[in-house]
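**Student:** Got a structure for you, questions after.
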Amino acid sequence: MTETLPAPAPATGPAGGRLALLDVLRGVAILGTLMTNVWIFTAPGAEWGFLQSGSTASAHGTAAAVAEAVFRLAADGKFLSLLTILFGVGLAIQFDAAARRGVPWPGRYRWRALFLFAEGTLHFVLVFAWDVLMGYAVTSLLVAWLLTRSERARRRVMWWAAGLHLAFMGLITAALVGAGQDSGGGVSREVVDLYAHGGYLDQVAFRLENALVLRLEPVLSFGLLVFLFLLGVRLFRAGAFGADGTGRRLRSRMLGWGLGLGVPLTAATGLAGQDWFLLERYCAAPLVAVGYVGLIGAVVDRVRRPGPLTTGLTAVGRTALSGYVLQNVLCVVVSYGFGLGLATRLTGPGRPWWVMGLWAAVCAVLMVSATLWLRRFRHGPLESVQRRVLGR
């Protein structure tokens with residue numbers, strides 16, 4: 001893939017110049033998704049436990065609890081939405097590149113989407129149930145076709161998708177609140193033991209047996225995926241990622257509106273209780289993600305000489321697929337019983353500190369390894385495999 005998660009190529013704008021901000025944003029999005037997922041890896045029952053108990057904090061009334069709450073609130077759904085927007089940006093870049101070369105569209109992109117779906121399926125089965133690649137692959141086929149339609153048609157689909165998504169999330173939330181009970185329950189001992197002491201193949205079998213339930217998220221949020229893909233297309237074509245005055249002005253507006261609306265809504269839904277989780281993750285979070293684009297852009301605009309942090313984020317952004325899979329593999333090995341089993345060994349009131357430390361350590365590993373890898377190779381390891389299979 002060119003500018004999307006599976007196989008990033010040069011982040012170029014309409015005139016062919018590289019858009020450095022896109023690499024940084026993608027790196028932030030990849031590491032940011034782990035800010036949410038790390039709590040799933042380290043929770044009792046891991047992937048399935050998250051469905052049974054929800055996303056509530058593990059400690060209460062302590063400094064660790066406050067740190068965990070802020071950490072989660074800053075990340076949950078926000079970086080996933082950011083990643084989705086960037087996927088739409090990448091799709092627009094690929095479309096424009098195909099148009100310049102006179103190549104039919106979607107054309108071979110269908111094979112790229114099919115390959116992405118296969119990659120996501122393997123990732124889901126072998127590594128992590130909350131894979132995003134499968135949903136992206138399906139959504140990209142629809143949006144790739146929409147790129148051949150008029151701007152008016154895309155705009156209609158974009159806002160209809162947003163409206164239906166909001167209505168759907170609102171109805172589910174109303175049902176949860178009306179039921180008069182917290183949606184989060186206890187985690188079954190059988191599932192806790194599976195991830196704490198079970199073997200790797202046992203966990204693979206469990207994911208296969210419960211695939212329909214574990215794959216519900218991209219189905220329930222399909223309208224949001226379509227909206228964010230098309231939003232990414234519109235932002236790219238408006239010049240929101242450029243280093244010129246137009247880009248800075250657009251990002252300034254995104255910062256103000258995104259955080260100005262998204263942060264209060266996130267706080268309100270977060271404080272309302274677990275039953276409001278869907279509105280926080282799938283409605284307020286995308287607004288914050290738009291604000292994050294503006295905020296990160298403002299920071300990057302002020303960087304005169306790239307340092308280790310900017311270099312590391314850029315490297316992760318250029319090897320996004322490899323980094324996404326590697327960070328999940330590392331957390332699986334550290335957390336689950338067939339590996340180091342730290343999720344079971346390190347419990348208690350201080351748990352949030354080591355979980356956040358795990359996130360920081362994995363981020364450091366990814367930034368260093370990606371930077372060193374790109375000194376010798378043009379593409380990440382999984383990106384290179386994809387390019388060979390697809391003949392690019």
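Residues are named by chain letter and number: chains run A, B, ... in the order of the structure tokens, numbers start at 1 in each chain, and ligands are numbered from 1 in the order shown.
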Based on the backbone DSSP call, show me all residues of segment 14-99 of chain A assigned helix (DSSP H, G or I), as a ChimeraX atom specification.

**Tutor:** /A:20-41,46-53,63-75,78-99

**Student:** Which residues are near segment 313-324 of chain A? Cut-off 8 Å, only C-alpha atoms, ignore same chain within fewer than 3 positions. Put them as a list in words.

**Tutor:**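 Those residues are Leu5, Pro6, Ala7, Pro8, Ala9, Ala20, Leu22, Asp23, Val24, Leu25, Arg26, Gly27, Val28, Ile30, Leu31, Leu309, Thr310, Gln327, Asn328, Leu366, Met367, Ala370, Thr371, Leu374, His379, Gly380, Pro381, Leu382 and Glu383 of chain A.
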
**Student:** Include N, CA, C and O atoms and write out the residues we just selected as an mmCIF file, in the first residue's frame.

**Tutor:**
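Saved to again-v1.cif:
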data_model
loop_
_atom_site.group_PDB
_atom_site.id
_atom_site.type_symbol
_atom_site.label_atom_id
_atom_site.label_comp_id
_atom_site.auth_asym_id
_atom_site.auth_seq_id
_atom_site.Cartn_x
_atom_site.Cartn_y
_atom_site.Cartn_z
ATOM 1 N N LEU A 5 -1.743 1.947 5.897
ATOM 2 C CA LEU A 5 -1.081 1.154 6.914
ATOM 3 C C LEU A 5 -0.282 -0.021 6.385
ATOM 4 O O LEU A 5 0.848 -0.238 6.773
ATOM 5 N N PRO A 6 -0.793 -0.842 5.450
ATOM 6 C CA PRO A 6 -0.084 -2.046 5.094
ATOM 7 C C PRO A 6 1.310 -1.844 4.531
ATOM 8 O O PRO A 6 2.202 -2.597 4.849
ATOM 9 N N ALA A 7 1.515 -0.891 3.607
ATOM 10 C CA ALA A 7 2.828 -0.774 2.996
ATOM 11 C C ALA A 7 3.094 0.643 2.568
ATOM 12 O O ALA A 7 2.986 0.989 1.406
ATOM 13 N N PRO A 8 3.435 1.515 3.499
ATOM 14 C CA PRO A 8 3.592 2.917 3.156
ATOM 15 C C PRO A 8 4.691 3.152 2.140
ATOM 16 O O PRO A 8 5.762 2.571 2.224
ATOM 17 N N ALA A 9 4.427 3.985 1.177
ATOM 18 C CA ALA A 9 5.413 4.441 0.215
ATOM 19 C C ALA A 9 5.634 5.918 0.490
ATOM 20 O O ALA A 9 5.096 6.460 1.447
ATOM 21 N N ALA A 20 6.053 15.234 4.946
ATOM 22 C CA ALA A 20 6.714 14.621 6.093
ATOM 23 C C ALA A 20 5.762 14.436 7.266
ATOM 24 O O ALA A 20 5.902 13.495 8.058
ATOM 25 N N LEU A 22 2.793 13.390 7.364
ATOM 26 C CA LEU A 22 2.030 12.143 7.302
ATOM 27 C C LEU A 22 2.785 10.981 7.940
ATOM 28 O O LEU A 22 2.192 10.144 8.618
ATOM 29 N N ASP A 23 4.092 10.919 7.731
ATOM 30 C CA ASP A 23 4.885 9.854 8.347
ATOM 31 C C ASP A 23 4.855 9.980 9.867
ATOM 32 O O ASP A 23 4.714 8.988 10.580
ATOM 33 N N VAL A 24 4.996 11.213 10.365
ATOM 34 C CA VAL A 24 4.965 11.427 11.814
ATOM 35 C C VAL A 24 3.595 11.061 12.374
ATOM 36 O O VAL A 24 3.486 10.370 13.400
ATOM 37 N N LEU A 25 2.541 11.514 11.709
ATOM 38 C CA LEU A 25 1.184 11.205 12.166
ATOM 39 C C LEU A 25 0.945 9.703 12.188
ATOM 40 O O LEU A 25 0.336 9.176 13.127
ATOM 41 N N ARG A 26 1.413 9.015 11.177
ATOM 42 C CA ARG A 26 1.211 7.569 11.142
ATOM 43 C C ARG A 26 1.981 6.878 12.259
ATOM 44 O O ARG A 26 1.489 5.943 12.881
ATOM 45 N N GLY A 27 3.193 7.349 12.522
ATOM 46 C CA GLY A 27 3.955 6.780 13.623
ATOM 47 C C GLY A 27 3.265 7.002 14.955
ATOM 48 O O GLY A 27 3.175 6.087 15.790
ATOM 49 N N VAL A 28 2.744 8.216 15.167
ATOM 50 C CA VAL A 28 2.008 8.509 16.394
ATOM 51 C C VAL A 28 0.767 7.620 16.491
ATOM 52 O O VAL A 28 0.440 7.089 17.565
ATOM 53 N N ILE A 30 0.207 4.632 15.170
ATOM 54 C CA ILE A 30 0.565 3.235 15.453
ATOM 55 C C ILE A 30 0.877 3.058 16.934
ATOM 56 O O ILE A 30 0.337 2.166 17.604
ATOM 57 N N LEU A 31 1.731 3.902 17.473
ATOM 58 C CA LEU A 31 2.086 3.788 18.889
ATOM 59 C C LEU A 31 0.911 4.171 19.779
ATOM 60 O O LEU A 31 0.766 3.650 20.888
ATOM 61 N N LEU A 309 13.241 11.756 18.647
ATOM 62 C CA LEU A 309 11.813 11.462 18.732
ATOM 63 C C LEU A 309 11.153 11.590 17.360
ATOM 64 O O LEU A 309 10.425 10.684 16.928
ATOM 65 N N THR A 310 11.407 12.701 16.678
ATOM 66 C CA THR A 310 10.822 12.888 15.353
ATOM 67 C C THR A 310 11.317 11.821 14.380
ATOM 68 O O THR A 310 10.542 11.269 13.593
ATOM 69 N N GLN A 327 4.419 -4.687 17.651
ATOM 70 C CA GLN A 327 4.060 -4.231 18.991
ATOM 71 C C GLN A 327 3.064 -5.179 19.641
ATOM 72 O O GLN A 327 3.120 -5.432 20.857
ATOM 73 N N ASN A 328 2.173 -5.759 18.858
ATOM 74 C CA ASN A 328 1.212 -6.714 19.409
ATOM 75 C C ASN A 328 1.881 -8.034 19.772
ATOM 76 O O ASN A 328 1.559 -8.635 20.800
ATOM 77 N N LEU A 366 10.269 -0.117 19.095
ATOM 78 C CA LEU A 366 9.807 0.093 17.726
ATOM 79 C C LEU A 366 10.523 1.263 17.055
ATOM 80 O O LEU A 366 10.931 1.160 15.888
ATOM 81 N N MET A 367 10.688 2.376 17.776
ATOM 82 C CA MET A 367 11.329 3.534 17.160
ATOM 83 C C MET A 367 12.791 3.263 16.833
ATOM 84 O O MET A 367 13.277 3.618 15.761
ATOM 85 N N ALA A 370 12.959 0.432 13.976
ATOM 86 C CA ALA A 370 12.539 0.944 12.674
ATOM 87 C C ALA A 370 13.594 1.882 12.089
ATOM 88 O O ALA A 370 13.879 1.847 10.884
ATOM 89 N N THR A 371 14.176 2.725 12.946
ATOM 90 C CA THR A 371 15.213 3.642 12.479
ATOM 91 C C THR A 371 16.424 2.877 11.956
ATOM 92 O O THR A 371 16.954 3.184 10.869
ATOM 93 N N LEU A 374 15.627 0.999 8.542
ATOM 94 C CA LEU A 374 15.541 1.850 7.357
ATOM 95 C C LEU A 374 16.892 2.409 6.934
ATOM 96 O O LEU A 374 17.010 2.975 5.835
ATOM 97 N N HIS A 379 12.093 -0.431 2.818
ATOM 98 C CA HIS A 379 10.768 -0.714 3.350
ATOM 99 C C HIS A 379 10.880 -1.636 4.557
ATOM 100 O O HIS A 379 11.879 -2.339 4.735
ATOM 101 N N GLY A 380 9.837 -1.633 5.386
ATOM 102 C CA GLY A 380 9.797 -2.540 6.517
ATOM 103 C C GLY A 380 9.706 -3.988 6.057
ATOM 104 O O GLY A 380 9.376 -4.262 4.897
ATOM 105 N N PRO A 381 9.981 -4.947 6.933
ATOM 106 C CA PRO A 381 9.988 -6.360 6.526
ATOM 107 C C PRO A 381 8.650 -6.847 5.984
ATOM 108 O O PRO A 381 8.605 -7.486 4.925
ATOM 109 N N LEU A 382 7.552 -6.560 6.664
ATOM 110 C CA LEU A 382 6.250 -7.003 6.168
ATOM 111 C C LEU A 382 5.826 -6.205 4.944
ATOM 112 O O LEU A 382 5.164 -6.743 4.045
ATOM 113 N N GLU A 383 6.202 -4.940 4.884
ATOM 114 C CA GLU A 383 5.921 -4.144 3.695
ATOM 115 C C GLU A 383 6.647 -4.719 2.482
ATOM 116 O O GLU A 383 6.093 -4.745 1.375
#

**Student:** For Arg253 of chain A, which residue out of A:Leu230, A:Leu224, A:Val334, A:Val290 is the nearest one, using only C-alpha atoms?

**Tutor:**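 Once distances to Arg253 of chain A are computed over only C-alpha atoms, the minimum belongs to A:Val290.
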
**Student:** Find, counting only C-alpha atoms, the residue in A:Glu119, A:Lys78, A:Val66, A:Gly223 that gets nearest to Leu142 of chain A.

**Tutor:**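 Smallest separation from Leu142 of chain A among the options: A:Gly223.
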
**Student:** Which residues come within 7 Å of segment 79-81 of chain A, counting only C-alpha atoms, excluding same-chain residues fewer than 5 positions away, as a list of chain:residue names?

**Tutor:**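 Everything that qualifies: A:Ala29, A:Gly32, A:Thr33, A:Pro286, A:Ala289.
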
**Student:** Check the smallest atom-to-atom distance from each of A:Val226, A:Ala46, A:Leu116, A:Ala364 to Leu194 of chain A using only C-alpha atoms, then report the winner.

**Tutor:** A:Ala46

**Student:** Using only C-alpha atoms, what does the table of segment 116-153 of chain A residues within 12 Å of segment 93-96 of chain A look like, with each row giving the shortest atom pair and its distance in Å to one decimal, sorted by chain and ascending number, as JSON lines?

**Tutor:**
{"residue": "A:Ser140", "atom": "CA", "partner": "A:Gln94", "partner_atom": "CA", "distance": 11.6}
{"residue": "A:Val143", "atom": "CA", "partner": "A:Phe95", "partner_atom": "CA", "distance": 10.6}
{"residue": "A:Ala144", "atom": "CA", "partner": "A:Phe95", "partner_atom": "CA", "distance": 7.8}
{"residue": "A:Trp145", "atom": "CA", "partner": "A:Phe95", "partner_atom": "CA", "distance": 10.2}
{"residue": "A:Leu146", "atom": "CA", "partner": "A:Phe95", "partner_atom": "CA", "distance": 10.8}
{"residue": "A:Leu147", "atom": "CA", "partner": "A:Phe95", "partner_atom": "CA", "distance": 7.5}
{"residue": "A:Thr148", "atom": "CA", "partner": "A:Phe95", "partner_atom": "CA", "distance": 8.9}

**Student:** What does the distance between atom CA of Tyr109 of chain A and atom CA of Leu91 of chain A come to in Å, to one decimal place?

**Tutor:** 9.6 Å

**Student:** With only C-alpha atoms counted and 12 Å as the cut-off, give the residues of segment 282-387 of chain A in contact with segment 231-243 of chain A, each with its shortest interatomic distance in Å and the pair that gives it, as JSON lines.

**Tutor:**
{"residue": "A:Pro286", "atom": "CA", "partner": "A:Leu231", "partner_atom": "CA", "distance": 10.6}
{"residue": "A:Leu287", "atom": "CA", "partner": "A:Leu231", "partner_atom": "CA", "distance": 11.5}
{"residue": "A:Ala289", "atom": "CA", "partner": "A:Gly232", "partner_atom": "CA", "distance": 11.5}
{"residue": "A:Val290", "atom": "CA", "partner": "A:Leu231", "partner_atom": "CA", "distance": 9.8}
{"residue": "A:Val293", "atom": "CA", "partner": "A:Phe241", "partner_atom": "CA", "distance": 8.8}
{"residue": "A:Gly294", "atom": "CA", "partner": "A:Ala240", "partner_atom": "CA", "distance": 9.0}
{"residue": "A:Ile296", "atom": "CA", "partner": "A:Phe241", "partner_atom": "CA", "distance": 10.8}
{"residue": "A:Gly297", "atom": "CA", "partner": "A:Phe241", "partner_atom": "CA", "distance": 7.9}
{"residue": "A:Ala298", "atom": "CA", "partner": "A:Ala243", "partner_atom": "CA", "distance": 10.4}
{"residue": "A:Val300", "atom": "CA", "partner": "A:Ala243", "partner_atom": "CA", "distance": 9.5}
{"residue": "A:Asp301", "atom": "CA", "partner": "A:Ala243", "partner_atom": "CA", "distance": 7.5}
{"residue": "A:Arg302", "atom": "CA", "partner": "A:Ala243", "partner_atom": "CA", "distance": 11.0}
{"residue": "A:Val303", "atom": "CA", "partner": "A:Ala243", "partner_atom": "CA", "distance": 11.9}

**Student:** Produce a file of the selected residues containing C-alpha atoms, as a short mmCIF file (atom, residue, chain, number, x, y, z; two decimals), in the first residue's frame.

**Tutor:**
data_model
loop_
_atom_site.label_atom_id
_atom_site.label_comp_id
_atom_site.auth_asym_id
_atom_site.auth_seq_id
_atom_site.Cartn_x
_atom_site.Cartn_y
_atom_site.Cartn_z
CA PRO A 286 -13.04 10.87 16.22
CA LEU A 287 -13.44 14.57 17.04
CA ALA A 289 -8.49 12.61 16.56
CA VAL A 290 -9.10 15.56 14.24
CA VAL A 293 -3.89 16.13 13.69
CA GLY A 294 -3.88 19.87 14.33
CA ILE A 296 0.76 17.24 16.16
CA GLY A 297 0.98 19.40 13.06
CA ALA A 298 1.54 22.49 15.20
CA VAL A 300 5.99 19.47 13.84
CA ASP A 301 5.76 22.94 12.28
CA ARG A 302 7.97 24.24 15.10
CA VAL A 303 10.64 21.55 14.74
#

**Student:** Of the candidates A:Phe168, A:Phe377, A:Trp354, A:Phe128, which shows the shortest atom-to-atom distance to Cys283 of chain A, using only C-alpha atoms?

**Tutor:**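 Of A:Phe168, A:Phe377, A:Trp354, A:Phe128, the one nearest Cys283 of chain A, counting only C-alpha atoms, is A:Phe168.
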
**Student:** Mind pulling up the distance from atom CA of Arg110 of chain A to atom CA of Leu19 of chain A?

**Tutor:** 25.6 Å

**Student:** Applying 10 Å and only C-alpha atoms, which residues near Tyr136 of chain A remain after dropping the ones on its own chain fewer than 3 positions away? List them as a list in words.

**Tutor:**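 Near neighbours after the sequence-gap exclusion: Thr4, Leu5, Pro6, Thr84, Phe87, Gly88, Ala113, Leu116, Phe117, Gly120, Asp131, Val132, Leu133, Thr139, Ser140, Leu141, Pro218, Phe222, Leu225, Val226 and Phe229 of chain A.
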
**Student:** Counting only C-alpha atoms, which of A:Val192, A:Arg101, A:Leu212, A:Pro306 gets nearest to Phe41 of chain A?

**Tutor:** A:Val192

**Student:** If I take atom CA of Arg375 of chain A and atom CA of Cys363 of chain A, how far is one from the other in Å, to one decimal?

**Tutor:**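 Those two atoms sit 18.7 Å apart.
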
**Student:** With only C-alpha atoms as the counted atoms, please give the residues lying no more than 12 Å from segment 121-126 of chain A, apart from itself and same-chain residues fewer than 6 positions off, as an NGL selection string.

**Tutor:** :A and (47 or 114-115 or 132-137 or 200-212 or 214-215 or 321-322 or 324-329 or 332)

**Student:** Restricting the calculation to only C-alpha atoms, which member of A:Trp48, A:Arg112, A:Leu176, A:His165 is positioned closest to Arg388 of chain A?

**Tutor:** A:Arg112
